[in-house]
Each structure stands twice: as structure tokens, then as C-alpha cells.
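Asker: Can you read through this structure? Questions will come right after.
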Amino acid sequence: MTVNNQSATGDARAGEMHQEDLDNLIKEFDNESNFRDTSGLLKLFITVTCVSLSLFHVYTAGFGLLNEISHRTVHMTFIMGLLFLVFPKRAPKRLGVGVVLGLAYGAFYLIVAHQLVGAFASQMPAYASFGIYGFAVLMALSALPLKFLGGRGNKPGWLDWPLAILGAGFSGYLVFFFEDIFITNIGFPQTLDYLMGGIAVMLVIEGARRTMGESLSIIGVVSLLYAMLGPDLPGVLAHRGYDIVRLVEHLYLGTEGIYGIAIGVVATYVFHFVLFGVLAQASGLGQLFIELATLLAGRYSGGPAKVSVVSSGFFGMISGSPVANTVTTGAFTIPMMKRYGFSGRFAAATEAAASCGGQITPPIMGASAFVMSEMLGVPYNELILIAIIPAAFHYLATLCMVHFEAKRLGLKGMPAQDIPRFWDIMSRHWHQTVPLIVMVTLLLMQYTPFMSAFWGIVLTVVCSYIPLVFNKLGIGKLDAESVLTPKRLIFSLEEGAKQSIAITAACACVGFLLGVTTLTGLGFKFSGAIVGLAHDFGAFLTPFVPFDLLGESSITLFVALLLVAVACILMGAGIPTTPTYIILASIVAPALDDFGIALLASHFFIFYYGVLADVTPPVALAAYAGAGIGGSDPMKTGVTAFRLSMGKALVPFMIIYAPSLLFLNFNAMEFVLALSSGILCIVALSAAYIGYFSVELQKYEKVLLTIAGLVLVGNHPLFIAGSGLVVLLILLKNYRAGQLQTA
């Protein structure tokens, strides 16, 4: 660590001393990073395979992608071959629940095998039938929480090896027999194609279960059962029904299921930016961000907490993982916040609340943003511009909360001697900014995201060697501690590949729901239900609105938005942001289209609330990781992080009511009005939830500020004028009171 102050360096070193503990925190609370710590020949095999995958993607990004199917299947061959070797088997928190779920998965796998054998018994030898049943039994055993099967620790169990081989096999089969399957016999699958598809279905579900937990794999199984049991379902849920043969053909031999748009995005966009983020962090860019944040925010009231917010914002520019952001920057900022007077709970909650913004922070947003770009056909370089205002609102809200809390506690900023100077920082780290600047420039110049990431990756490696050359020539004082030596480069290439495994498994499993939705019309049914419920509530509530200030259509729209927001938060409580977004964008977003909302605005609405789910108890993983560093109670930290996020909880509503904030149908007057009311709304809600402005707020002032903040969201000129006046009067009154107290 190279922060130019003794105390800051001490905190940073404390974080380094416990790096193993920090890694364990990431493993515990970030399912996507729960890798085995392997050794020997297994470690060598995993390293070689991961590095090969990373180099494959770097090469194709710079010199041309393969055709759509080939590129996705090659990616899946590597990923599924690695998954069961890299990720350990999970021990259930409750043995009884684990047994029940294991039996349920096992029963489903046997049903799939039975239907496949029944459909093709006359077309294949007996040993093939026994093979499919045997594989289903193997999968059923793997699903059960049996200790003697092994696989829970750093050493793979005896079942993991056949699962890894067959995991690579079902995609490798499509790679090697591409011409026969997709050209010569297209539309006429062979028996072996269906059998490999059945294996793929079972392994994708088990892979998602191992990497992401139960929630997503349950959704995958339920979606398949919904497709299979269509005629037996009640009411609007009923449909014609599809047997496993039709499902396998649709989900395995096309681009509507496993190898659908989600996997395509991971294999062409997400992987490259994840790898860039890993390399950038290894080259020391994260330390530069922390030093710049200290320079920008450290001197103000509650400086360390503001450093936490700003550094999380900077770090979010290269990483979209909330848990990783929390732990990486929190190792430095949380101890420092505690030392300057914040409680461990508030410090951890602040870091978690700020770190969640990484998924909506340009230029490298979370995987959901790349999926959104592909689903909507919006170029990613436009999406990063559209995300600027929502991301700024996110950090503004967190900063306001932190500022008011610091003022309430009477905390000061960091001493001047602890604040690094800009030229000192840049004289040591300027070379680390070159790759990021070039990559963003290429994106804005309309280059493809993967080409931009290619040059970002190449320049990160090249620029890391600049200090060695310059220092040898006696030019400047560049930091030479973060050179990407061959050993560190190999480690980073391996880490980048590992970090893509879980998101790939999740997207493959989500492909089941997407494929079933296109077959059964599930999305239209859900959308119809939401629209109908919203209209019913709208008709019920309209008579209670005084002076007819709001019509039934306005109330109906608000109710629909509220229902979608609740669905996003509930879904996100058990599933990561990317699967949450894909699922809800497919089956819920069409409902908002019925209200005349721009498609991009409705998708951004879902995306934003999916991000907030990372600090929403009872499953607030980013907050729990922060609590591990801050030494606070995880649940209480989650509640505090959720409270700190309330100032920005209404931002999605703002972008619906004022799409100019996303630069959609841009109107300068609407943009200025919405921006002003949005800022005022955030300040009002932040002050109300902290209970402080310049002095302690009275109860009635908190209530008035909360109501005014809620009303400001609507972007109605009359409401803005009235609510804005209330907010300004209360804040002015309290500001004067605070001035009198300090006089």
C-alpha cells in the first residue's frame, strides 16, 4: 500500500495482514467466488485450462469471434468441465431440508431419463438405456447431502470427475459434430443428440445449484415442470404441454435455451470485462482509486465514510461484484471509519450500500447491463451514457446519508497531513490510468465492447511494465510494485476464468426459463396478471384521492411499478442480480409496456431494483461481508445498509416518470426539472431517515420530509413546487438553528 500517510497506511497494512480472512469472507458471502484451494496435478490442470480459456477469449476479442453457436459451445465446454472441479459441493444449512431437496432433484433427474428412454427405446441398444438411467442415478446421488460421496472440501469427490467430464462433453459434442447437427441434419436431430441434451439439462441444473445455491436451480426445475405439466395446470397457467423430447430439442439444439442470449453475452462481453477488471486490480488500479478518493473526500466531515463511498464508486468502474467491492475497498475503509468515530455496523453498512453501485457504474457495469444491451439491441456504448444519472443518484444518496450521520455525531474530516496530494498520486500511478482511458475512448468511438476490452487487457499488461523501464532510466517515481510478472499474469488469467464460471452456470440455467417462456407464453400470462391486479387496485384507490389530483391511470401505473419493485426485491433476495434481471425482464417487463413506458426505462427499473437486493435483508450478502470486516452483527448491518439505501430506493421511479434522465425522448426542461427534483428528493429522504440536517429533526419534520420526498418523485410541476417549498422551508429552518447553535 502506498497512501502518503502513516495512519492510512497502517489501516491498509492491517487489511494485508489478514488477506486470507478477506478471501474467506468473499468465499463465504459471494457464491461466485467460492473456489476450491487445490494443489498438485489438479491445480496445474485447472490453471492450464483456465489460462487457455482466458487466452481463447482474448484472441477472439481481438481477431474475430467464431460463429454464434461455436463460440458459445466452446465457452461452455471449458466452463462446465471446470465447474465441478473448481467449486466444492455445498453442505446444507439444515440437513432435513437438504435431504428433501436432494430427493426432489433426484426424482426429477430420473423422470427426465425415463422419458428419454421411453421415447427412444426402440432406436438404441439396451446398454444406452442403462447408461442414461445410470447417469440419472449418479446425478441423484450427487444431489443428496451425503458425506461419504465427498466433494465438500478442497479435494473433488469421486462423483465430481465424471460430472466434469460429461459437463465438458455435452457442449464438446456440439463443437465436434457441429456440421452434422447444425448443417447436414438440421431440423432432424438424431437419437444421440437428444440423449446428450438430457445430460445437459441435468448437469446445468446441478451446476447452477453448486455455484449459486438452491433458488436458481429450483426455478430451473419448476420452469421445466411447468412446460411438461401444462395440460394439468389450473386456469390461465394451463397450456398444451411439452414432453422432454421437445424441450431438449428447444433448449439444447437451438439458441433459445442453454446457448441463448444470456450465454452469448457472457461469452462475448462479460468474460472480457471481468478479465480486464481482474488484471486492472492486480496492476494496482484499485490502490490508485483509494488514494484519489482520500484526496477528494477525506478532508470533509466524516471523511473516511465519504472516502468509502467515493472509492467504491471508482472501484465500481472496473468491477461489478458487490461482495468483492465491499471486501476489497472495505479492508481499507471500514477500519478507518471505525477509528474516526463511526460504529462498526454503520461503517460496514456504508461500504456495502456504496459497493452495490458498481453494477450500474459505467464504464464496466455488471453482467446485467451487457444482457440488457443485447436483449434491447441498444449499443453498450450508449448504455454507459444512459446509466450516468442513475449511478450519480446512487452515490449522491449514499453520500447524503453519510454526511448527515457524520454531522449528527459531530465527526470531523481527516487531518491535512493524512490527505495525499494529487501530483504525488499521479506521479506514481499515471501509467495505470492509460488502459481505462483508452478502453472508454474506444467504447465512445463506437468500437465493439469486446474490441475495447481487448485493448484494455493488452494495455494493462503492457503499461504495468512502464515503471520498470522508467525507473531504470531514472525518469519519475512510478510505483513498480504492481508489475504483471508472468506468475501474476498467469494467476490473473486463471482468476478471470474462474470468476466467469458461476455467472455462466447461472445464465445457462436461466436459459431454461427463457426457453420455456417462448414455448408457453409464460411472460404474457404474468404480465396480464400484473396489469389486471394494478387496474383493480387503481379502481379501488381512485375515490380516496382528494381533489382528483391523480387519475385512475396514474394510480394504476404507480401500483404496477410498486408490484414490479417488490417482485425484484423478493427475487433478488435469493438470486444474484443478473439472473434476477433476466427472469423479470422476460416475464414482468412486458407488463410495463402496456402502460406506454419506454422499453429501456422499464428494463432499467428492474435492473436498478435487482441491484438494491444485495443490501436487502434477509439475504444482504454485501452487507454480511462488510459485517465480517467491521465485526458487527450481520443482520443488523443488513438493516442499516438497507436504511442507507432508502435515499436512492425511489430512483427507478424517477426514471419512469422522467425518462429524460436516461436521455430518452430528451427534453431539456423536463431534464432540468427532474434532475432538480431528484436531488431535492434524495436530500429530503436522506435527512428524514438519518433524522438530522443542521440540528436534530423533529418527528413532524421527518414525516413531512418523507412525504415531500415521495411526492417529488412524480415529476408533476405542481407537486414539485409544493413539496420543494416544504423541503426548502424545513431545511432552511434547521440550517439557521444549526448556525445559532454554533455561533
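Residue numbering restarts at 1 for every chain of the C-alpha cells, chains are lettered A, B, ... in their displayed order, and ligands are numbered from 1 as they appear.
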What's the 12 Å shell around Gly330 in chain A, counting only C-alpha atoms, without same-chain residues fewer than 4 positions away, as a VMD selection string?

Answerer: chain A and resid 11 to 12 14 to 16 22 25 to 26 286 290 304 to 305 307 to 312 315 322 to 326 334 to 338 344 347 to 355 622 to 623 625 to 630

Asker: Could you give me, as a CSV table (one decimal) with C-alpha atoms, in the first residue's frame, the residues within 9 Å of Leu247 in chain A, counting only C-alpha atoms and dropping anything in the same chain fewer than 5 positions from it?

Answerer:
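Produced file result_23.csv, reproduced below:
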```csv
chain,number,residue,atom,x,y,z
A,224,LEU,CA,-39.3,-27.3,-16.9
A,227,ALA,CA,-43.7,-26.9,-19.5
A,228,MET,CA,-44.2,-30.6,-19.1
A,242,TYR,CA,-44.3,-30.3,-24.0
A,252,TYR,CA,-30.2,-27.8,-26.2
A,515,GLY,CA,-36.9,-21.1,-23.5
A,516,VAL,CA,-40.0,-22.2,-21.6
A,519,LEU,CA,-42.7,-22.0,-25.8
```

Asker: Can you measure CA of Asn734 in chain A to CA of Leu296 in chain A for me? One decimal in Å is fine.

Answerer: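 Value for the CA of Asn734 in chain A-CA of Leu296 in chain A distance: 27.2 Å.
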
Asker: For Phe558 in chain A, list every protein, DNA or RNA residue within 10 Å, evaluated using only C-alpha atoms, and leave out those in the same chain fewer than 2 positions away; present the list as an NGL selection string.

Answerer: :A and (534 or 537-538 or 552-556 or 560-564 or 653 or 656-657 or 714)

Asker: Take the selection from the previous step and output its residues with N, CA and C atoms, as an mmCIF file, in the first residue's frame.

Answerer:
```
data_model
loop_
_atom_site.group_PDB
_atom_site.id
_atom_site.type_symbol
_atom_site.label_atom_id
_atom_site.label_comp_id
_atom_site.auth_asym_id
_atom_site.auth_seq_id
_atom_site.Cartn_x
_atom_site.Cartn_y
_atom_site.Cartn_z
ATOM 1 N N ALA A 534 -53.034 -4.403 -11.045
ATOM 2 C CA ALA A 534 -52.809 -2.961 -10.940
ATOM 3 C C ALA A 534 -54.077 -2.184 -11.252
ATOM 4 N N PHE A 537 -56.483 -2.431 -8.236
ATOM 5 C CA PHE A 537 -56.071 -1.538 -7.150
ATOM 6 C C PHE A 537 -56.310 -0.079 -7.531
ATOM 7 N N GLY A 538 -56.030 0.253 -8.788
ATOM 8 C CA GLY A 538 -56.238 1.626 -9.238
ATOM 9 C C GLY A 538 -57.686 2.051 -9.115
ATOM 10 N N GLU A 552 -57.192 7.692 -12.439
ATOM 11 C CA GLU A 552 -57.076 6.253 -12.237
ATOM 12 C C GLU A 552 -55.872 5.681 -12.969
ATOM 13 N N SER A 553 -55.556 6.207 -14.149
ATOM 14 C CA SER A 553 -54.427 5.685 -14.917
ATOM 15 C C SER A 553 -53.104 5.923 -14.184
ATOM 16 N N SER A 554 -52.965 7.094 -13.546
ATOM 17 C CA SER A 554 -51.738 7.400 -12.806
ATOM 18 C C SER A 554 -51.585 6.475 -11.609
ATOM 19 N N ILE A 555 -52.679 6.236 -10.908
ATOM 20 C CA ILE A 555 -52.632 5.355 -9.737
ATOM 21 C C ILE A 555 -52.335 3.924 -10.176
ATOM 22 N N THR A 556 -52.950 3.503 -11.272
ATOM 23 C CA THR A 556 -52.725 2.149 -11.782
ATOM 24 C C THR A 556 -51.256 1.943 -12.148
ATOM 25 N N ALA A 560 -48.632 -0.689 -10.453
ATOM 26 C CA ALA A 560 -47.895 -1.656 -11.273
ATOM 27 C C ALA A 560 -46.397 -1.557 -11.004
ATOM 28 N N LEU A 561 -45.885 -0.342 -10.926
ATOM 29 C CA LEU A 561 -44.466 -0.148 -10.628
ATOM 30 C C LEU A 561 -44.123 -0.695 -9.246
ATOM 31 N N LEU A 562 -45.008 -0.469 -8.301
ATOM 32 C CA LEU A 562 -44.769 -0.953 -6.938
ATOM 33 C C LEU A 562 -44.728 -2.481 -6.906
ATOM 34 N N LEU A 563 -45.634 -3.120 -7.636
ATOM 35 C CA LEU A 563 -45.658 -4.581 -7.685
ATOM 36 C C LEU A 563 -44.376 -5.134 -8.308
ATOM 37 N N VAL A 564 -43.927 -4.500 -9.387
ATOM 38 C CA VAL A 564 -42.700 -4.945 -10.045
ATOM 39 C C VAL A 564 -41.501 -4.737 -9.125
ATOM 40 N N PHE A 653 -38.239 4.931 -9.849
ATOM 41 C CA PHE A 653 -39.496 5.617 -10.136
ATOM 42 C C PHE A 653 -39.225 6.936 -10.863
ATOM 43 N N ILE A 656 -38.759 6.430 -14.533
ATOM 44 C CA ILE A 656 -40.004 6.086 -15.230
ATOM 45 C C ILE A 656 -40.818 7.344 -15.497
ATOM 46 N N TYR A 657 -40.935 8.185 -14.481
ATOM 47 C CA TYR A 657 -41.739 9.401 -14.623
ATOM 48 C C TYR A 657 -41.019 10.492 -15.407
ATOM 49 N N GLY A 714 -42.747 12.046 -8.489
ATOM 50 C CA GLY A 714 -43.720 12.030 -9.566
ATOM 51 C C GLY A 714 -43.447 12.973 -10.708
#
```

Asker: Work out how far apart CA of Ser171 in chain A and CA of Leu65 in chain A are and give it in Å to one decimal.

Answerer: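 About the pair CA of Ser171 in chain A and CA of Leu65 in chain A: they are 17.5 Å apart.
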
Asker: Fewer than 3 positions away in the same chain doesn't count, so skip those; otherwise give me all residues within 8 Å of Pro435 in chain A, counting only C-alpha atoms, as a ChimeraX atom specification.

Answerer: /A:432,438-439,455-457,459-460,463

Asker: Deliver the residues from the most recent selection as a file, using N, CA, C and O atoms, as a tab-separated table (two decimals), in the first residue's frame.

Answerer:
```tsv
chain	number	residue	atom	x	y	z
A	432	GLN	N	-1.21	3.65	-14.74
A	432	GLN	CA	-2.31	2.71	-14.51
A	432	GLN	C	-3.64	3.22	-15.07
A	432	GLN	O	-4.58	2.45	-15.22
A	438	VAL	N	-8.09	4.53	-22.49
A	438	VAL	CA	-8.15	4.05	-23.88
A	438	VAL	C	-9.40	3.22	-24.10
A	438	VAL	O	-10.10	3.36	-25.12
A	439	MET	N	-9.74	2.35	-23.14
A	439	MET	CA	-10.91	1.48	-23.29
A	439	MET	C	-12.19	2.31	-23.36
A	439	MET	O	-13.05	2.06	-24.23
A	455	TRP	N	-8.18	-4.23	-26.08
A	455	TRP	CA	-7.10	-3.25	-25.95
A	455	TRP	C	-6.89	-2.85	-24.49
A	455	TRP	O	-5.76	-2.57	-24.08
A	456	GLY	N	-7.96	-2.83	-23.71
A	456	GLY	CA	-7.80	-2.56	-22.29
A	456	GLY	C	-6.95	-3.62	-21.61
A	456	GLY	O	-6.07	-3.31	-20.80
A	457	ILE	N	-7.19	-4.89	-21.96
A	457	ILE	CA	-6.43	-6.00	-21.38
A	457	ILE	C	-4.97	-5.94	-21.81
A	457	ILE	O	-4.04	-6.04	-20.98
A	459	LEU	N	-3.22	-3.38	-22.95
A	459	LEU	CA	-2.52	-2.21	-22.41
A	459	LEU	C	-2.30	-2.32	-20.91
A	459	LEU	O	-1.32	-1.77	-20.39
A	460	THR	N	-3.20	-3.00	-20.20
A	460	THR	CA	-2.99	-3.20	-18.76
A	460	THR	C	-1.70	-3.97	-18.51
A	460	THR	O	-0.91	-3.63	-17.63
A	463	CYS	N	1.34	-1.65	-19.87
A	463	CYS	CA	1.60	-0.46	-19.04
A	463	CYS	C	2.12	-0.83	-17.65
A	463	CYS	O	2.75	0.01	-16.99
```

Asker: Pick out each residue of range 346-498 of chain A that DSSP on the backbone tags as helix (DSSP H, G or I); I need them as a ChimeraX atom specification.

Answerer: /A:346-360,367-376,380-386,388-409,416-418,422-444,449-463,466-473,486-498

Asker: Within 8 Å of range 398-409 of chain A, counting only C-alpha atoms, which residues qualify if same-chain residues fewer than 3 places away don't, as a PDB file with C-alpha atoms, in the first residue's frame?

Answerer:
```pdb
ATOM      1  CA  SER A 301     -16.923  15.915   7.815  1.00  0.00           C
ATOM      2  CA  GLY A 302     -16.964  12.152   8.298  1.00  0.00           C
ATOM      3  CA  ALA A 305     -17.006   7.291   5.258  1.00  0.00           C
ATOM      4  CA  LYS A 306     -17.040   9.595   2.255  1.00  0.00           C
ATOM      5  CA  VAL A 309     -18.345   5.921  -0.944  1.00  0.00           C
ATOM      6  CA  THR A 350     -21.893   2.254   4.358  1.00  0.00           C
ATOM      7  CA  ALA A 353     -24.509   0.317   0.333  1.00  0.00           C
ATOM      8  CA  ALA A 354     -21.899   2.134  -1.749  1.00  0.00           C
ATOM      9  CA  HIS A 394     -26.932   6.206  -6.223  1.00  0.00           C
ATOM     10  CA  TYR A 395     -23.717   7.692  -4.862  1.00  0.00           C
ATOM     11  CA  LYS A 412     -14.580  15.929  11.606  1.00  0.00           C
ATOM     12  CA  LEU A 644     -28.786   3.818   3.977  1.00  0.00           C
ATOM     13  CA  SER A 645     -30.123   2.762   0.584  1.00  0.00           C
ATOM     14  CA  GLY A 647     -32.432   7.638  -0.221  1.00  0.00           C
ATOM     15  CA  LYS A 648     -31.945   6.021  -3.632  1.00  0.00           C
ATOM     16  CA  ILE A 682     -32.667  12.424  -2.212  1.00  0.00           C
ATOM     17  CA  VAL A 683     -31.636  15.156   0.241  1.00  0.00           C
ATOM     18  CA  SER A 686     -31.713  11.159   3.498  1.00  0.00           C
ATOM     19  CA  ALA A 687     -32.254  13.832   6.132  1.00  0.00           C
ATOM     20  CA  ILE A 690     -30.971   9.968   9.487  1.00  0.00           C
ATOM     21  CA  TYR A 692     -30.665  15.260  11.142  1.00  0.00           C
ATOM     22  CA  PHE A 693     -29.860  18.228   8.961  1.00  0.00           C
ATOM     23  CA  SER A 694     -28.058  21.003  10.804  1.00  0.00           C
ATOM     24  CA  VAL A 695     -29.816  20.005  14.022  1.00  0.00           C
ATOM     25  CA  GLU A 696     -31.890  17.023  15.130  1.00  0.00           C
TER      26      GLU A 696
END
```

Asker: Kindly indicate which residue among A:Ser343, A:Glu494, A:Gln287, A:Gly98 lies nearest to Ala331 in chain A, using only C-alpha atoms for the distances.

Answerer: A:Gln287

Asker: If we count only C-alpha atoms, what is near Ile183 in chain A at a cut-off of 12 Å, once residues fewer than 5 positions away on the same chain are taken out, given as a list of chain:residue names?

Answerer: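 After dropping sequence-adjacent residues, the list is A:Ile69, A:Leu174, A:Phe177, A:Phe178, A:Phe188, A:Pro189, A:Leu253.
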
Asker: Filtering to N, CA and C atoms, could you give me those residues as a PDB file, in the first residue's frame?

Answerer:
```
ATOM      1  N   ILE A  69     -22.988 -20.198 -32.534  1.00  0.00           N
ATOM      2  CA  ILE A  69     -23.114 -21.468 -31.815  1.00  0.00           C
ATOM      3  C   ILE A  69     -21.754 -21.991 -31.381  1.00  0.00           C
ATOM      4  N   LEU A 174     -21.315 -30.785 -29.349  1.00  0.00           N
ATOM      5  CA  LEU A 174     -21.815 -29.839 -30.352  1.00  0.00           C
ATOM      6  C   LEU A 174     -20.672 -29.185 -31.113  1.00  0.00           C
ATOM      7  N   PHE A 177     -19.247 -32.114 -33.577  1.00  0.00           N
ATOM      8  CA  PHE A 177     -20.206 -32.570 -34.591  1.00  0.00           C
ATOM      9  C   PHE A 177     -21.079 -31.414 -35.081  1.00  0.00           C
ATOM     10  N   PHE A 178     -20.479 -30.222 -35.095  1.00  0.00           N
ATOM     11  CA  PHE A 178     -21.223 -29.021 -35.478  1.00  0.00           C
ATOM     12  C   PHE A 178     -21.843 -29.155 -36.868  1.00  0.00           C
ATOM     13  N   PHE A 188     -33.515 -32.312 -38.092  1.00  0.00           N
ATOM     14  CA  PHE A 188     -33.748 -33.749 -37.939  1.00  0.00           C
ATOM     15  C   PHE A 188     -32.730 -34.330 -36.946  1.00  0.00           C
ATOM     16  N   PRO A 189     -32.879 -34.017 -35.666  1.00  0.00           N
ATOM     17  CA  PRO A 189     -31.908 -34.492 -34.658  1.00  0.00           C
ATOM     18  C   PRO A 189     -31.878 -36.012 -34.591  1.00  0.00           C
ATOM     19  N   LEU A 253     -30.561 -27.797 -28.630  1.00  0.00           N
ATOM     20  CA  LEU A 253     -30.158 -27.769 -30.036  1.00  0.00           C
ATOM     21  C   LEU A 253     -30.523 -26.459 -30.728  1.00  0.00           C
TER      22      LEU A 253
END
```

Asker: Given only C-alpha atoms as the basis, pick out the residue of A:Gly106, A:Gly316, A:Gly134, A:Pro420 nearest to Cys356 in chain A.

Answerer: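 Using only C-alpha atoms, Cys356 in chain A sits closest to A:Gly316.
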
Asker: Using only C-alpha atoms for the distances, tell me which of A:Gly709, A:Gly64, A:Gly277, A:Gly198 is nearest to His114 in chain A.

Answerer: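 Under the stated criterion, the closest residue is A:Gly198.
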
Asker: CA of Ser321 in chain A to CA of Ile503 in chain A: how many Å, to one decimal?

Answerer: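 Distance reported for this atom pair: 11.1 Å.
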
Asker: Closest to Ile261 in chain A among A:Thr361, A:Asn185, A:Ser586, A:Ser427, using only C-alpha atoms?

Answerer: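 Among A:Thr361, A:Asn185, A:Ser586, A:Ser427, it is A:Ser586 that comes nearest to Ile261 in chain A.
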
Asker: Please identify every residue of range 251-323 of chain A that has at least one atom no farther than 8 Å from an atom of range 477-484 of chain A, counting only C-alpha atoms, and for each give the shortest atom pair and the distance in Å to one decimal, arranged by chain then increasing number, as a tab-separated table.

Answerer:
```
residue	atom	partner	partner_atom	distance
A:Ala282	CA	A:Ser482	CA	6.6
A:Ser283	CA	A:Ser482	CA	4.8
A:Gly284	CA	A:Ser482	CA	5.5
```

Asker: Please dump the current selection as a JSON list (two decimals), in the first residue's frame; keep all heavy atoms.

Answerer:
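The file below, again-v4.json, is the result:
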```json
[["chain", "number", "residue", "atom", "x", "y", "z"],
["A", 282, "ALA", "N", -5.04, -6.20, -10.24],
["A", 282, "ALA", "CA", -3.71, -6.77, -9.98],
["A", 282, "ALA", "C", -2.61, -5.78, -10.32],
["A", 282, "ALA", "O", -1.52, -5.81, -9.72],
["A", 282, "ALA", "CB", -3.53, -8.06, -10.78],
["A", 283, "SER", "N", -2.87, -4.86, -11.26],
["A", 283, "SER", "CA", -1.86, -3.88, -11.66],
["A", 283, "SER", "C", -1.85, -2.66, -10.75],
["A", 283, "SER", "O", -1.07, -1.73, -10.98],
["A", 283, "SER", "CB", -2.10, -3.44, -13.11],
["A", 283, "SER", "OG", -3.27, -2.63, -13.20],
["A", 284, "GLY", "N", -2.70, -2.64, -9.73],
["A", 284, "GLY", "CA", -2.66, -1.56, -8.74],
["A", 284, "GLY", "C", -3.66, -0.46, -8.95],
["A", 284, "GLY", "O", -3.62, 0.56, -8.25]]
```

Asker: Go through A:Phe540, A:Phe271, A:Phe512, A:Phe87 and flag the residue nearest Leu216 in chain A, using only C-alpha atoms for the distances.

Answerer: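 Among A:Phe540, A:Phe271, A:Phe512, A:Phe87, it is A:Phe512 that comes nearest to Leu216 in chain A.
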
Asker: Give the answer as one residue: which of A:Pro449, A:Gly678, A:Pro88, A:Gly610 has the shortest atom-to-atom distance to Val265 in chain A, using only C-alpha atoms?

Answerer: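 Of all the options, A:Pro449 lies closest to Val265 in chain A.
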
Asker: If we count only C-alpha atoms and set the cut-off at 12 Å, which residues sit around Met80 in chain A, ignoring sequence neighbours fewer than 6 positions away in its own chain? Please answer as a PyMOL selection string.

Answerer: chain A and resi 49-50+53+72-74+86-87+160-172+200+203-208+210-211+497-498+500-506+508

Asker: How would the residues just chosen look if you wrote them out with C-alpha atoms as a PDB file, in the first residue's frame?

Answerer:
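Generated file (selection_2.pdb):
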```
ATOM      1  CA  THR A  49      -7.461 -24.950 -18.519  1.00  0.00           C
ATOM      2  CA  CYS A  50      -8.396 -21.544 -17.072  1.00  0.00           C
ATOM      3  CA  LEU A  53      -9.952 -20.237 -21.770  1.00  0.00           C
ATOM      4  CA  ARG A  72     -20.911 -20.322 -27.098  1.00  0.00           C
ATOM      5  CA  THR A  73     -20.367 -24.079 -27.110  1.00  0.00           C
ATOM      6  CA  VAL A  74     -16.573 -23.759 -26.858  1.00  0.00           C
ATOM      7  CA  VAL A  86     -13.350 -25.671  -9.047  1.00  0.00           C
ATOM      8  CA  PHE A  87     -16.486 -25.372  -6.896  1.00  0.00           C
ATOM      9  CA  ASP A 160     -17.040 -34.757  -9.416  1.00  0.00           C
ATOM     10  CA  TRP A 161     -14.772 -36.258 -12.057  1.00  0.00           C
ATOM     11  CA  PRO A 162     -17.463 -37.969 -14.185  1.00  0.00           C
ATOM     12  CA  LEU A 163     -19.644 -34.862 -13.802  1.00  0.00           C
ATOM     13  CA  ALA A 164     -16.772 -32.679 -15.031  1.00  0.00           C
ATOM     14  CA  ILE A 165     -16.058 -34.962 -17.992  1.00  0.00           C
ATOM     15  CA  LEU A 166     -19.703 -35.154 -19.042  1.00  0.00           C
ATOM     16  CA  GLY A 167     -20.097 -31.423 -18.353  1.00  0.00           C
ATOM     17  CA  ALA A 168     -17.421 -30.692 -20.907  1.00  0.00           C
ATOM     18  CA  GLY A 169     -18.780 -33.491 -23.099  1.00  0.00           C
ATOM     19  CA  PHE A 170     -22.305 -32.250 -23.782  1.00  0.00           C
ATOM     20  CA  SER A 171     -21.016 -28.949 -25.215  1.00  0.00           C
ATOM     21  CA  GLY A 172     -17.925 -30.517 -26.745  1.00  0.00           C
ATOM     22  CA  ALA A 200     -27.075 -31.263 -20.489  1.00  0.00           C
ATOM     23  CA  LEU A 203     -25.849 -31.051 -15.443  1.00  0.00           C
ATOM     24  CA  VAL A 204     -26.873 -27.412 -15.941  1.00  0.00           C
ATOM     25  CA  ILE A 205     -29.318 -27.659 -13.043  1.00  0.00           C
ATOM     26  CA  GLU A 206     -26.733 -29.290 -10.786  1.00  0.00           C
ATOM     27  CA  GLY A 207     -24.091 -26.792 -11.905  1.00  0.00           C
ATOM     28  CA  ALA A 208     -26.317 -23.824 -11.038  1.00  0.00           C
ATOM     29  CA  ARG A 210     -23.446 -25.853  -6.846  1.00  0.00           C
ATOM     30  CA  THR A 211     -22.384 -22.345  -7.844  1.00  0.00           C
ATOM     31  CA  ALA A 497     -11.737 -17.558 -15.948  1.00  0.00           C
ATOM     32  CA  LYS A 498     -12.799 -18.799 -12.515  1.00  0.00           C
ATOM     33  CA  SER A 500     -16.850 -16.357 -15.084  1.00  0.00           C
ATOM     34  CA  ILE A 501     -17.837 -19.918 -14.127  1.00  0.00           C
ATOM     35  CA  ALA A 502     -20.694 -19.108 -11.782  1.00  0.00           C
ATOM     36  CA  ILE A 503     -22.285 -16.427 -13.948  1.00  0.00           C
ATOM     37  CA  THR A 504     -22.092 -18.783 -16.946  1.00  0.00           C
ATOM     38  CA  ALA A 505     -23.797 -21.582 -14.979  1.00  0.00           C
ATOM     39  CA  ALA A 506     -26.468 -19.151 -13.797  1.00  0.00           C
ATOM     40  CA  ALA A 508     -27.356 -21.417 -18.692  1.00  0.00           C
TER      41      ALA A 508
END
```
